[in-house]
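File shown: structure_14.json. Contents: JSON, C-alpha atoms and all ligand atoms.
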```json
[["chain", "number", "residue", "atom", "x", "y", "z"],
["A", 20, "MET", "CA", 124.95, 16.29, 8.89],
["A", 21, "LYS", "CA", 126.79, 13.27, 10.20],
["A", 22, "LYS", "CA", 124.85, 10.38, 11.59],
["A", 23, "GLY", "CA", 124.41, 10.75, 15.31],
["A", 24, "LYS", "CA", 125.22, 14.46, 15.25],
["A", 25, "ALA", "CA", 121.57, 15.48, 15.53],
["A", 26, "GLU", "CA", 120.97, 13.04, 18.37],
["A", 27, "GLU", "CA", 123.90, 14.52, 20.28],
["A", 28, "GLU", "CA", 122.41, 17.97, 19.86],
["A", 29, "TRP", "CA", 119.02, 16.75, 21.04],
["A", 30, "LYS", "CA", 120.54, 15.18, 24.14],
["A", 31, "LYS", "CA", 122.30, 18.43, 24.91],
["A", 32, "LEU", "CA", 119.06, 20.32, 24.43],
["A", 33, "SER", "CA", 117.10, 17.98, 26.65],
["A", 34, "ASP", "CA", 119.73, 18.37, 29.38],
["A", 35, "GLU", "CA", 119.33, 22.13, 29.06],
["A", 36, "VAL", "CA", 115.55, 21.82, 29.29],
["A", 37, "ILE", "CA", 115.84, 19.72, 32.45],
["A", 38, "ALA", "CA", 118.53, 21.85, 34.11],
["A", 39, "GLY", "CA", 116.82, 25.08, 33.08],
["A", 40, "THR", "CA", 113.46, 23.97, 34.42],
["A", 41, "SER", "CA", 114.98, 22.88, 37.75],
["A", 42, "ALA", "CA", 116.81, 26.18, 38.10],
["A", 43, "TRP", "CA", 113.67, 28.10, 37.25],
["A", 44, "ARG", "CA", 111.68, 26.11, 39.79],
["A", 45, "GLU", "CA", 114.14, 26.97, 42.53],
["A", 46, "LYS", "CA", 113.80, 30.65, 41.75],
["A", 47, "HIS", "CA", 110.02, 30.40, 41.58],
["A", 48, "PRO", "CA", 108.98, 28.16, 44.48],
["A", 49, "LYS", "CA", 105.48, 29.61, 44.50],
["A", 50, "ALA", "CA", 104.83, 29.32, 40.77],
["A", 51, "THR", "CA", 101.29, 28.36, 39.87],
["A", 52, "MET", "CA", 100.44, 25.31, 37.84],
["A", 53, "ARG", "CA", 99.75, 27.60, 34.92],
["A", 54, "GLU", "CA", 103.12, 29.36, 35.19],
["A", 55, "ILE", "CA", 104.93, 26.04, 35.43],
["A", 56, "GLU", "CA", 103.08, 24.79, 32.38],
["A", 57, "GLU", "CA", 104.00, 27.87, 30.35],
["A", 58, "GLU", "CA", 107.62, 27.68, 31.41],
["A", 59, "VAL", "CA", 107.98, 24.00, 30.54],
["A", 60, "ASP", "CA", 106.12, 24.44, 27.23],
["A", 61, "GLN", "CA", 108.34, 27.34, 26.26],
["A", 62, "ARG", "CA", 111.50, 25.33, 26.97],
["A", 63, "LEU", "CA", 110.24, 22.24, 25.23],
["A", 64, "SER", "CA", 109.19, 24.22, 22.16],
["A", 65, "VAL", "CA", 112.81, 25.18, 21.53],
["A", 66, "MET", "CA", 113.81, 21.53, 21.54],
["A", 67, "ARG", "CA", 110.76, 20.61, 19.50],
["A", 68, "ALA", "CA", 111.65, 23.12, 16.76],
["A", 69, "ARG", "CA", 115.23, 21.84, 16.63],
["A", 70, "MET", "CA", 114.12, 18.21, 16.34],
["A", 71, "ILE", "CA", 111.62, 19.01, 13.59],
["A", 72, "ALA", "CA", 114.19, 21.00, 11.61],
["A", 73, "ASP", "CA", 116.88, 18.31, 11.94],
["A", 74, "THR", "CA", 114.51, 15.50, 11.05],
["A", 75, "ALA", "CA", 113.09, 17.38, 8.06],
["A", 76, "MET", "CA", 116.59, 18.08, 6.78],
["A", 77, "LYS", "CA", 117.50, 14.42, 7.00],
["A", 78, "SER", "CA", 114.56, 13.29, 4.88],
["A", 79, "GLU", "CA", 115.25, 16.03, 2.39],
["A", 80, "MET", "CA", 118.86, 14.95, 1.90],
["A", 81, "ALA", "CA", 117.66, 11.48, 0.99],
["A", 82, "GLU", "CA", 115.37, 12.95, -1.67],
["A", 83, "TRP", "CA", 118.10, 14.93, -3.40],
["A", 84, "GLU", "CA", 120.40, 11.95, -3.42],
["A", 85, "VAL", "CA", 117.99, 10.04, -5.64],
["A", 86, "GLY", "CA", 119.67, 11.68, -8.62],
["A", 87, "GLU", "CA", 119.49, 14.56, -11.07],
["A", 88, "LYS", "CA", 116.53, 13.07, -12.92],
["A", 89, "GLU", "CA", 114.36, 13.40, -9.83],
["A", 90, "ALA", "CA", 115.02, 17.10, -9.56],
["A", 91, "VAL", "CA", 112.47, 18.53, -11.97],
["A", 92, "CYS", "CA", 110.29, 21.64, -11.92],
["A", 93, "PRO", "CA", 106.80, 20.90, -10.57],
["A", 94, "ASP", "CA", 105.35, 23.56, -12.90],
["A", 95, "CYS", "CA", 106.80, 22.66, -16.28],
["A", 96, "GLY", "CA", 108.85, 19.49, -15.71],
["A", 97, "GLY", "CA", 112.02, 21.29, -16.73],
["A", 98, "GLU", "CA", 115.39, 20.33, -15.39],
["A", 99, "LEU", "CA", 116.46, 21.93, -12.14],
["A", 100, "GLN", "CA", 119.87, 23.41, -11.67],
["A", 101, "LYS", "CA", 120.99, 23.05, -8.09],
["A", 102, "LYS", "CA", 121.87, 26.31, -6.44],
["A", 103, "GLY", "CA", 123.07, 24.98, -3.12],
["A", 104, "LYS", "CA", 121.61, 25.68, 0.29],
["A", 105, "LYS", "CA", 119.23, 28.42, 1.11],
["A", 106, "LYS", "CA", 117.37, 29.26, 4.28],
["A", 107, "ARG", "CA", 113.73, 28.42, 4.25],
["A", 108, "LYS", "CA", 111.33, 29.42, 6.97],
["A", 109, "LEU", "CA", 108.41, 27.19, 7.80],
["A", 110, "GLN", "CA", 105.62, 27.59, 10.29],
["A", 111, "SER", "CA", 105.15, 24.73, 12.70],
["A", 112, "ARG", "CA", 101.74, 23.55, 13.81],
["A", 113, "GLU", "CA", 102.01, 25.70, 16.92],
["A", 114, "GLY", "CA", 102.87, 28.78, 14.90],
["A", 115, "GLN", "CA", 106.53, 28.67, 15.77],
["A", 116, "GLU", "CA", 108.98, 29.57, 13.06],
["A", 117, "ILE", "CA", 111.35, 26.82, 12.04],
["A", 118, "GLU", "CA", 114.33, 27.65, 9.89],
["A", 119, "LEU", "CA", 115.74, 25.00, 7.60],
["A", 120, "ASP", "CA", 118.86, 24.96, 5.50],
["A", 121, "ARG", "CA", 117.42, 23.52, 2.34],
["A", 122, "GLU", "CA", 118.76, 22.67, -1.05],
["A", 123, "TYR", "CA", 117.47, 25.06, -3.63],
["A", 124, "GLY", "CA", 117.18, 24.76, -7.38],
["A", 125, "ILE", "CA", 116.32, 26.97, -10.35],
["A", 126, "CYS", "CA", 114.28, 25.61, -13.27],
["A", 127, "LEU", "CA", 116.29, 25.92, -16.49],
["A", 128, "LYS", "CA", 113.08, 26.23, -18.55],
["A", 129, "CYS", "CA", 110.86, 28.67, -16.67],
["A", 130, "GLY", "CA", 113.31, 30.15, -14.16],
["A", 131, "HIS", "CA", 111.14, 29.16, -11.21],
["A", 132, "GLY", "CA", 113.06, 28.88, -7.92],
["A", 133, "ILE", "CA", 112.19, 25.62, -6.21],
["A", 134, "PHE", "CA", 112.74, 23.84, -2.95],
["A", 135, "PRO", "CA", 112.58, 20.06, -3.34],
["A", 136, "PRO", "CA", 109.38, 18.28, -2.35],
["A", 137, "ARG", "CA", 109.04, 16.90, 1.13],
["B", 1, "ZN", "ZN", 109.83, 25.17, -14.70]]
```
Can I see the file as structure tokens?
Ligand SMILES: [Zn+2]
Amino acid sequence: MKKGKAEEEWKKLSDEVIAGTSAWREKHPKATMREIEEEVDQRLSVMRARMIADTAMKSEMAEWEVGEKEAVCPDCGGELQKKGKKKRKLQSREGQEIELDREYGICLKCGHGIFPPR
């Protein structure tokens, strides 16, 4: 991901959150505090998930760039062979599923499939 690309996406998302909430409010002029809260939370959670995923991917890229020597199996210390990107699903604190495109490696010694440490 290019520098600044994530930020552009976030700005777009925040615009959508703002515009979407305004539009929703117009359609629901009598919404209760509770309904408004749920609506805003739901919209923000989409942006939240995106920001977490993008930020996590950034820090991960830095880790893999350290060099081949750093990529070792946590079980046996064997060398990892990079297998490219693979989807990994993580649960956020709020129970929301966050999907990351993560680098994936296979241990040449024990065959263990490993995602790099975070
Ligand atoms: Zn291993």
Find the residues around range 105-114 of chain A up to 12 Å (only C-alpha atoms counted), leave out those fewer than 5 positions away in its own chain, and share them as a VMD selection string.
-> chain A and resid 60 to 61 64 to 65 67 to 72 75 to 76 119 to 125 132 to 135
May I ask for the distance between CA of Lys102 in chain A and CA of Asp73 in chain A, given in Å to one decimal place?
-> 20.7 Å
With distances taken over all atoms listed in the file, which of A:Glu54, A:Gly103, A:Leu63, A:Lys77 is nearest to Ile37 in chain A?
->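 Residue with the minimum atom-to-atom distance to Ile37 in chain A: A:Leu63.
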Residues of chain A that approach ligand ZN 1 (chain B) to 7 Å or less, counting all atoms listed in the file: could you list each one with the shortest pair of atoms and its distance in Å to one decimal, rows by chain and increasing residue number, as a tab-separated table?
```
residue	atom	partner	partner_atom	distance
A:Cys92	CA	B:ZN1	ZN	4.5
A:Pro93	CA	B:ZN1	ZN	6.7
A:Asp94	CA	B:ZN1	ZN	5.1
A:Cys95	CA	B:ZN1	ZN	4.2
A:Gly96	CA	B:ZN1	ZN	5.9
A:Gly97	CA	B:ZN1	ZN	4.9
A:Cys126	CA	B:ZN1	ZN	4.7
A:Leu127	CA	B:ZN1	ZN	6.7
A:Lys128	CA	B:ZN1	ZN	5.1
A:Cys129	CA	B:ZN1	ZN	4.1
A:Gly130	CA	B:ZN1	ZN	6.1
A:His131	CA	B:ZN1	ZN	5.5
```
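If you measure from each of A:Lys31, A:Gln115, A:Val36, A:Val91 to Arg62 in chain A using only C-alpha atoms, the closest one turns out to be A:Val36.
The coordinates place CA of Ile55 in chain A at 26.9 Å from CA of Glu27 in chain A.
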Rounded to one decimal place, report the CA of Ala42 in chain A-CA of Trp29 in chain A distance in Å.
->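 Atom-to-atom, CA of Ala42 in chain A and CA of Trp29 in chain A are spaced 19.6 Å apart.
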